[in-house]
$ cat upload08.cif   # mmCIF, N, CA and C atoms, pLDDT in the B column; chains and numbers go by the auth columns
data_entry
loop_
_atom_site.group_PDB
_atom_site.id
_atom_site.type_symbol
_atom_site.label_atom_id
_atom_site.label_comp_id
_atom_site.label_asym_id
_atom_site.label_seq_id
_atom_site.Cartn_x
_atom_site.Cartn_y
_atom_site.Cartn_z
_atom_site.B_iso_or_equiv
_atom_site.auth_seq_id
_atom_site.auth_asym_id
ATOM 1 N N MET A 1 -50.682 14.571 -17.454 56.00 20 A
ATOM 2 C CA MET A 1 -50.831 13.188 -17.849 56.00 20 A
ATOM 3 C C MET A 1 -52.308 12.843 -17.859 56.00 20 A
ATOM 4 N N ASN A 2 -52.743 12.216 -18.929 62.00 21 A
ATOM 5 C CA ASN A 2 -54.151 11.851 -19.016 62.00 21 A
ATOM 6 C C ASN A 2 -54.399 10.498 -18.370 62.00 21 A
ATOM 7 N N LYS A 3 -55.671 10.150 -18.235 66.00 22 A
ATOM 8 C CA LYS A 3 -56.047 8.907 -17.549 66.00 22 A
ATOM 9 C C LYS A 3 -55.478 7.663 -18.225 66.00 22 A
ATOM 10 N N SER A 4 -55.327 7.696 -19.559 76.00 23 A
ATOM 11 C CA SER A 4 -54.832 6.519 -20.264 76.00 23 A
ATOM 12 C C SER A 4 -53.302 6.443 -20.277 76.00 23 A
ATOM 13 N N SER A 5 -52.653 7.412 -19.686 87.00 24 A
ATOM 14 C CA SER A 5 -51.201 7.434 -19.640 87.00 24 A
ATOM 15 C C SER A 5 -50.659 6.260 -18.835 87.00 24 A
ATOM 16 N N VAL A 6 -49.484 5.798 -19.202 92.00 25 A
ATOM 17 C CA VAL A 6 -48.829 4.746 -18.426 92.00 25 A
ATOM 18 C C VAL A 6 -48.013 5.340 -17.292 92.00 25 A
ATOM 19 N N PHE A 7 -48.007 6.664 -17.197 91.00 26 A
ATOM 20 C CA PHE A 7 -47.254 7.343 -16.159 91.00 26 A
ATOM 21 C C PHE A 7 -48.166 7.845 -15.053 91.00 26 A
ATOM 22 N N TYR A 8 -47.547 8.066 -13.895 90.00 27 A
ATOM 23 C CA TYR A 8 -48.292 8.523 -12.733 90.00 27 A
ATOM 24 C C TYR A 8 -47.353 9.374 -11.883 90.00 27 A
ATOM 25 N N SER A 9 -47.906 10.363 -11.259 92.00 28 A
ATOM 26 C CA SER A 9 -47.125 11.195 -10.358 92.00 28 A
ATOM 27 C C SER A 9 -47.946 11.466 -9.110 92.00 28 A
ATOM 28 N N ASP A 10 -47.355 11.218 -7.959 93.00 29 A
ATOM 29 C CA ASP A 10 -48.026 11.415 -6.681 93.00 29 A
ATOM 30 C C ASP A 10 -46.963 11.905 -5.700 93.00 29 A
ATOM 31 N N PRO A 11 -47.237 12.993 -4.996 94.00 30 A
ATOM 32 C CA PRO A 11 -46.242 13.510 -4.043 94.00 30 A
ATOM 33 C C PRO A 11 -45.828 12.480 -2.987 94.00 30 A
ATOM 34 N N GLU A 12 -46.672 11.481 -2.758 92.00 31 A
ATOM 35 C CA GLU A 12 -46.371 10.446 -1.764 92.00 31 A
ATOM 36 C C GLU A 12 -45.477 9.333 -2.321 92.00 31 A
ATOM 37 N N ILE A 13 -45.292 9.315 -3.645 91.00 32 A
ATOM 38 C CA ILE A 13 -44.460 8.276 -4.269 91.00 32 A
ATOM 39 C C ILE A 13 -43.221 8.941 -4.854 91.00 32 A
ATOM 40 N N LEU A 14 -42.076 8.650 -4.273 93.00 33 A
ATOM 41 C CA LEU A 14 -40.796 9.203 -4.716 93.00 33 A
ATOM 42 C C LEU A 14 -40.846 10.716 -4.894 93.00 33 A
ATOM 43 N N GLY A 15 -41.550 11.382 -3.990 93.00 34 A
ATOM 44 C CA GLY A 15 -41.597 12.841 -3.991 93.00 34 A
ATOM 45 C C GLY A 15 -42.240 13.457 -5.217 93.00 34 A
ATOM 46 N N GLY A 16 -43.115 12.701 -5.883 94.00 35 A
ATOM 47 C CA GLY A 16 -43.805 13.230 -7.060 94.00 35 A
ATOM 48 C C GLY A 16 -43.109 12.945 -8.376 94.00 35 A
ATOM 49 N N THR A 17 -42.043 12.180 -8.334 94.00 36 A
ATOM 50 C CA THR A 17 -41.347 11.791 -9.559 94.00 36 A
ATOM 51 C C THR A 17 -42.311 11.025 -10.464 94.00 36 A
ATOM 52 N N VAL A 18 -42.231 11.249 -11.760 93.00 37 A
ATOM 53 C CA VAL A 18 -43.083 10.533 -12.708 93.00 37 A
ATOM 54 C C VAL A 18 -42.615 9.084 -12.792 93.00 37 A
ATOM 55 N N VAL A 19 -43.548 8.165 -12.486 95.00 38 A
ATOM 56 C CA VAL A 19 -43.250 6.732 -12.484 95.00 38 A
ATOM 57 C C VAL A 19 -44.214 6.011 -13.418 95.00 38 A
ATOM 58 N N PHE A 20 -43.876 4.783 -13.761 95.00 39 A
ATOM 59 C CA PHE A 20 -44.806 3.937 -14.494 95.00 39 A
ATOM 60 C C PHE A 20 -45.919 3.528 -13.530 95.00 39 A
ATOM 61 N N LYS A 21 -47.172 3.627 -13.984 94.00 40 A
ATOM 62 C CA LYS A 21 -48.308 3.273 -13.136 94.00 40 A
ATOM 63 C C LYS A 21 -48.129 1.878 -12.557 94.00 40 A
ATOM 64 N N GLY A 22 -48.474 1.744 -11.284 93.00 41 A
ATOM 65 C CA GLY A 22 -48.406 0.454 -10.610 93.00 41 A
ATOM 66 C C GLY A 22 -47.011 0.043 -10.190 93.00 41 A
ATOM 67 N N THR A 23 -46.045 0.955 -10.367 95.00 42 A
ATOM 68 C CA THR A 23 -44.661 0.642 -9.990 95.00 42 A
ATOM 69 C C THR A 23 -44.067 1.838 -9.245 95.00 42 A
ATOM 70 N N ARG A 24 -42.839 1.669 -8.834 95.00 43 A
ATOM 71 C CA ARG A 24 -42.075 2.784 -8.281 95.00 43 A
ATOM 72 C C ARG A 24 -40.861 3.046 -9.191 95.00 43 A
ATOM 73 N N VAL A 25 -41.007 2.687 -10.450 96.00 44 A
ATOM 74 C CA VAL A 25 -39.932 2.840 -11.425 96.00 44 A
ATOM 75 C C VAL A 25 -40.112 4.170 -12.165 96.00 44 A
ATOM 76 N N PRO A 26 -39.184 5.107 -11.981 95.00 45 A
ATOM 77 C CA PRO A 26 -39.291 6.394 -12.660 95.00 45 A
ATOM 78 C C PRO A 26 -39.115 6.278 -14.179 95.00 45 A
ATOM 79 N N LEU A 27 -39.835 7.100 -14.895 92.00 46 A
ATOM 80 C CA LEU A 27 -39.661 7.209 -16.344 92.00 46 A
ATOM 81 C C LEU A 27 -38.209 7.536 -16.657 92.00 46 A
ATOM 82 N N GLN A 28 -37.591 8.357 -15.840 93.00 47 A
ATOM 83 C CA GLN A 28 -36.207 8.766 -16.067 93.00 47 A
ATOM 84 C C GLN A 28 -35.272 7.555 -16.150 93.00 47 A
ATOM 85 N N ASN A 29 -35.580 6.490 -15.416 96.00 48 A
ATOM 86 C CA ASN A 29 -34.735 5.292 -15.488 96.00 48 A
ATOM 87 C C ASN A 29 -34.698 4.734 -16.906 96.00 48 A
ATOM 88 N N LEU A 30 -35.863 4.680 -17.561 96.00 49 A
ATOM 89 C CA LEU A 30 -35.912 4.186 -18.938 96.00 49 A
ATOM 90 C C LEU A 30 -35.096 5.097 -19.849 96.00 49 A
ATOM 91 N N MET A 31 -35.272 6.383 -19.708 94.00 50 A
ATOM 92 C CA MET A 31 -34.531 7.325 -20.546 94.00 50 A
ATOM 93 C C MET A 31 -33.021 7.199 -20.317 94.00 50 A
ATOM 94 N N ASP A 32 -32.624 7.051 -19.057 96.00 51 A
ATOM 95 C CA ASP A 32 -31.197 6.903 -18.738 96.00 51 A
ATOM 96 C C ASP A 32 -30.621 5.634 -19.360 96.00 51 A
ATOM 97 N N TYR A 33 -31.379 4.535 -19.298 97.00 52 A
ATOM 98 C CA TYR A 33 -30.914 3.282 -19.894 97.00 52 A
ATOM 99 C C TYR A 33 -30.677 3.455 -21.393 97.00 52 A
ATOM 100 N N LEU A 34 -31.684 3.996 -22.072 96.00 53 A
ATOM 101 C CA LEU A 34 -31.580 4.143 -23.515 96.00 53 A
ATOM 102 C C LEU A 34 -30.465 5.107 -23.897 96.00 53 A
ATOM 103 N N GLU A 35 -30.352 6.198 -23.162 96.00 54 A
ATOM 104 C CA GLU A 35 -29.294 7.172 -23.412 96.00 54 A
ATOM 105 C C GLU A 35 -27.920 6.551 -23.184 96.00 54 A
ATOM 106 N N GLY A 36 -27.845 5.635 -22.240 97.00 55 A
ATOM 107 C CA GLY A 36 -26.574 4.984 -21.927 97.00 55 A
ATOM 108 C C GLY A 36 -26.212 3.850 -22.868 97.00 55 A
ATOM 109 N N GLY A 37 -27.059 3.608 -23.883 98.00 56 A
ATOM 110 C CA GLY A 37 -26.744 2.576 -24.862 98.00 56 A
ATOM 111 C C GLY A 37 -27.303 1.203 -24.539 98.00 56 A
ATOM 112 N N TYR A 38 -28.063 1.115 -23.469 98.00 57 A
ATOM 113 C CA TYR A 38 -28.678 -0.161 -23.120 98.00 57 A
ATOM 114 C C TYR A 38 -29.926 -0.370 -23.975 98.00 57 A
ATOM 115 N N THR A 39 -30.337 -1.610 -24.116 97.00 58 A
ATOM 116 C CA THR A 39 -31.532 -1.928 -24.902 97.00 58 A
ATOM 117 C C THR A 39 -32.780 -1.895 -24.025 97.00 58 A
ATOM 118 N N LEU A 40 -33.912 -1.848 -24.691 97.00 59 A
ATOM 119 C CA LEU A 40 -35.180 -1.928 -23.971 97.00 59 A
ATOM 120 C C LEU A 40 -35.259 -3.246 -23.204 97.00 59 A
ATOM 121 N N GLY A 41 -34.777 -4.310 -23.811 97.00 60 A
ATOM 122 C CA GLY A 41 -34.776 -5.614 -23.146 97.00 60 A
ATOM 123 C C GLY A 41 -33.975 -5.609 -21.852 97.00 60 A
ATOM 124 N N GLN A 42 -32.834 -4.933 -21.863 98.00 61 A
ATOM 125 C CA GLN A 42 -32.022 -4.847 -20.642 98.00 61 A
ATOM 126 C C GLN A 42 -32.754 -4.064 -19.564 98.00 61 A
ATOM 127 N N PHE A 43 -33.422 -2.979 -19.955 98.00 62 A
ATOM 128 C CA PHE A 43 -34.218 -2.209 -18.989 98.00 62 A
ATOM 129 C C PHE A 43 -35.298 -3.102 -18.388 98.00 62 A
ATOM 130 N N LEU A 44 -36.013 -3.825 -19.239 98.00 63 A
ATOM 131 C CA LEU A 44 -37.112 -4.674 -18.757 98.00 63 A
ATOM 132 C C LEU A 44 -36.597 -5.804 -17.861 98.00 63 A
ATOM 133 N N ASP A 45 -35.425 -6.328 -18.163 98.00 64 A
ATOM 134 C CA ASP A 45 -34.829 -7.358 -17.300 98.00 64 A
ATOM 135 C C ASP A 45 -34.518 -6.805 -15.918 98.00 64 A
ATOM 136 N N ASP A 46 -34.042 -5.570 -15.875 98.00 65 A
ATOM 137 C CA ASP A 46 -33.660 -4.958 -14.602 98.00 65 A
ATOM 138 C C ASP A 46 -34.843 -4.382 -13.827 98.00 65 A
ATOM 139 N N PHE A 47 -35.944 -4.113 -14.532 97.00 66 A
ATOM 140 C CA PHE A 47 -37.149 -3.551 -13.898 97.00 66 A
ATOM 141 C C PHE A 47 -38.369 -4.379 -14.313 97.00 66 A
ATOM 142 N N PRO A 48 -38.467 -5.600 -13.788 97.00 67 A
ATOM 143 C CA PRO A 48 -39.530 -6.515 -14.234 97.00 67 A
ATOM 144 C C PRO A 48 -40.950 -6.060 -13.891 97.00 67 A
ATOM 145 N N SER A 49 -41.101 -5.061 -13.033 97.00 68 A
ATOM 146 C CA SER A 49 -42.452 -4.582 -12.723 97.00 68 A
ATOM 147 C C SER A 49 -43.013 -3.710 -13.847 97.00 68 A
ATOM 148 N N VAL A 50 -42.167 -3.308 -14.805 97.00 69 A
ATOM 149 C CA VAL A 50 -42.611 -2.558 -15.974 97.00 69 A
ATOM 150 C C VAL A 50 -42.776 -3.547 -17.127 97.00 69 A
ATOM 151 N N SER A 51 -43.957 -3.558 -17.734 96.00 70 A
ATOM 152 C CA SER A 51 -44.183 -4.469 -18.866 96.00 70 A
ATOM 153 C C SER A 51 -43.630 -3.857 -20.153 96.00 70 A
ATOM 154 N N ARG A 52 -43.390 -4.713 -21.122 97.00 71 A
ATOM 155 C CA ARG A 52 -42.929 -4.247 -22.432 97.00 71 A
ATOM 156 C C ARG A 52 -43.941 -3.264 -23.012 97.00 71 A
ATOM 157 N N GLU A 53 -45.232 -3.579 -22.860 96.00 72 A
ATOM 158 C CA GLU A 53 -46.282 -2.709 -23.387 96.00 72 A
ATOM 159 C C GLU A 53 -46.242 -1.325 -22.727 96.00 72 A
ATOM 160 N N GLN A 54 -46.027 -1.296 -21.411 96.00 73 A
ATOM 161 C CA GLN A 54 -45.924 -0.011 -20.710 96.00 73 A
ATOM 162 C C GLN A 54 -44.738 0.793 -21.232 96.00 73 A
ATOM 163 N N ALA A 55 -43.610 0.143 -21.391 96.00 74 A
ATOM 164 C CA ALA A 55 -42.406 0.842 -21.831 96.00 74 A
ATOM 165 C C ALA A 55 -42.596 1.409 -23.239 96.00 74 A
ATOM 166 N N ILE A 56 -43.157 0.615 -24.130 96.00 75 A
ATOM 167 C CA ILE A 56 -43.367 1.083 -25.501 96.00 75 A
ATOM 168 C C ILE A 56 -44.382 2.217 -25.531 96.00 75 A
ATOM 169 N N GLN A 57 -45.487 2.061 -24.800 94.00 76 A
ATOM 170 C CA GLN A 57 -46.475 3.135 -24.764 94.00 76 A
ATOM 171 C C GLN A 57 -45.857 4.395 -24.150 94.00 76 A
ATOM 172 N N GLY A 58 -45.030 4.227 -23.140 91.00 77 A
ATOM 173 C CA GLY A 58 -44.370 5.369 -22.517 91.00 77 A
ATOM 174 C C GLY A 58 -43.465 6.103 -23.486 91.00 77 A
ATOM 175 N N LEU A 59 -42.718 5.352 -24.286 93.00 78 A
ATOM 176 C CA LEU A 59 -41.860 5.984 -25.294 93.00 78 A
ATOM 177 C C LEU A 59 -42.695 6.708 -26.343 93.00 78 A
ATOM 178 N N GLU A 60 -43.811 6.118 -26.722 93.00 79 A
ATOM 179 C CA GLU A 60 -44.695 6.769 -27.693 93.00 79 A
ATOM 180 C C GLU A 60 -45.287 8.056 -27.119 93.00 79 A
ATOM 181 N N GLU A 61 -45.669 8.023 -25.837 90.00 80 A
ATOM 182 C CA GLU A 61 -46.191 9.237 -25.197 90.00 80 A
ATOM 183 C C GLU A 61 -45.121 10.325 -25.146 90.00 80 A
ATOM 184 N N ALA A 62 -43.907 9.948 -24.803 87.00 81 A
ATOM 185 C CA ALA A 62 -42.815 10.919 -24.726 87.00 81 A
ATOM 186 C C ALA A 62 -42.536 11.513 -26.113 87.00 81 A
ATOM 187 N N ARG A 63 -42.547 10.677 -27.124 89.00 82 A
ATOM 188 C CA ARG A 63 -42.323 11.164 -28.493 89.00 82 A
ATOM 189 C C ARG A 63 -43.407 12.148 -28.907 89.00 82 A
ATOM 190 N N ALA A 64 -44.672 11.850 -28.575 89.00 83 A
ATOM 191 C CA ALA A 64 -45.778 12.731 -28.922 89.00 83 A
ATOM 192 C C ALA A 64 -45.649 14.079 -28.195 89.00 83 A
ATOM 193 N N LEU A 65 -45.233 14.048 -26.944 84.00 84 A
ATOM 194 C CA LEU A 65 -45.049 15.294 -26.199 84.00 84 A
ATOM 195 C C LEU A 65 -43.928 16.133 -26.802 84.00 84 A
ATOM 196 N N LEU A 66 -42.855 15.484 -27.214 85.00 85 A
ATOM 197 C CA LEU A 66 -41.759 16.215 -27.849 85.00 85 A
ATOM 198 C C LEU A 66 -42.193 16.812 -29.181 85.00 85 A
ATOM 199 N N ALA A 67 -42.987 16.078 -29.946 89.00 86 A
ATOM 200 C CA ALA A 67 -43.470 16.570 -31.230 89.00 86 A
ATOM 201 C C ALA A 67 -44.362 17.803 -31.033 89.00 86 A
ATOM 202 N N GLU A 68 -45.183 17.776 -29.991 86.00 87 A
ATOM 203 C CA GLU A 68 -46.046 18.918 -29.681 86.00 87 A
ATOM 204 C C GLU A 68 -45.206 20.137 -29.295 86.00 87 A
ATOM 205 N N ALA A 69 -44.153 19.904 -28.542 85.00 88 A
ATOM 206 C CA ALA A 69 -43.312 21.011 -28.072 85.00 88 A
ATOM 207 C C ALA A 69 -42.574 21.669 -29.233 85.00 88 A
ATOM 208 N N VAL A 70 -42.209 20.908 -30.231 80.00 89 A
ATOM 209 C CA VAL A 70 -41.467 21.424 -31.370 80.00 89 A
ATOM 210 C C VAL A 70 -42.402 22.153 -32.329 80.00 89 A
ATOM 211 N N ALA A 71 -43.639 21.694 -32.419 72.00 90 A
ATOM 212 C CA ALA A 71 -44.598 22.280 -33.387 72.00 90 A
ATOM 213 C C ALA A 71 -45.015 23.680 -33.027 72.00 90 A
#

$ encode --input "upload08.cif" --output "structure tokens"
Amino acid sequence: MNKSSVFYSDPEILGGTVVFKGTRVPLQNLMDYLEGGYTLGQFLDDFPSVSREQAIQGLEEARALLAEAVA
């Protein structure tokens, strides 16, 4: 993860799980919500410490990583 990433991982925070910077909300929670058919708005309502901008940037980062892996 680069410095401009919205994600952070620290062994002292949730055992190193990738979380949104400044929160204890794992990236996996967002993925689980979307996979389960919930909207981004529902995720943001349930995890108010994550901003809409963070969530969108996080999805864009994940998409870019997947595109790199496929290429």

$ residues_around --input "upload08.cif" --residues "Phe26 of chain A" --least-positions-apart "2" --cutoff "8 Å" --atoms "only C-alpha atoms" --output "PyMOL selection string"
chain A and resi 20+24+28+37-40+46+77

$ residues_around --input "upload08.cif" --residues "segment 61-71 of chain A" --least-positions-apart "6" --cutoff "8 Å" --atoms "only N, CA and C atoms" --output "list in words"
Phe39, Lys40, Gly41, Thr42, Arg43, Val44, Asn48, Leu49, Tyr52, Leu53 and Gly77 of chain A

$ select_by_dssp --input "upload08.cif" --residues "chain A" --states "strand (DSSP E)" --output "list in words"
Phe26, Tyr27, Val38 and Phe39 of chain A

$ write_last_selection --input "upload08.cif" --atoms "N, CA and C atoms" --output "PDB file, in the coordinates of the input"
ATOM      1  N   PHE A  26     -48.007   6.664 -17.197  1.00 91.00           N
ATOM      2  CA  PHE A  26     -47.254   7.343 -16.159  1.00 91.00           C
ATOM      3  C   PHE A  26     -48.166   7.845 -15.053  1.00 91.00           C
ATOM      4  N   TYR A  27     -47.547   8.066 -13.895  1.00 90.00           N
ATOM      5  CA  TYR A  27     -48.292   8.523 -12.733  1.00 90.00           C
ATOM      6  C   TYR A  27     -47.353   9.374 -11.883  1.00 90.00           C
ATOM      7  N   VAL A  38     -43.548   8.165 -12.486  1.00 95.00           N
ATOM      8  CA  VAL A  38     -43.250   6.732 -12.484  1.00 95.00           C
ATOM      9  C   VAL A  38     -44.214   6.011 -13.418  1.00 95.00           C
ATOM     10  N   PHE A  39     -43.876   4.783 -13.761  1.00 95.00           N
ATOM     11  CA  PHE A  39     -44.806   3.937 -14.494  1.00 95.00           C
ATOM     12  C   PHE A  39     -45.919   3.528 -13.530  1.00 95.00           C
TER      13      PHE A  39
END

$ atom_distance --input "upload08.cif" --atom1 "atom CA of Gly55 of chain A" --atom2 "atom CA of Arg82 of chain A"
18.1 Å

$ closest_residue --input "upload08.cif" --among "A:Val89, A:Ile32, A:Leu84, A:Leu59" --to "Glu72 of chain A" --atoms "only C-alpha atoms"
A:Leu59

$ select_by_dssp --input "upload08.cif" --residues "segment 21-70 of chain A" --states "alpha helix (DSSP H)" --output "PyMOL selection string"
chain A and resi 46-54+59-65

$ atom_distance --input "upload08.cif" --atom1 "atom CA of Ala86 of chain A" --atom2 "atom CA of Pro30 of chain A"
27.5 Å

$ atom_distance --input "upload08.cif" --atom1 "atom N of Glu31 of chain A" --atom2 "atom C of Ala88 of chain A"
28.7 Å
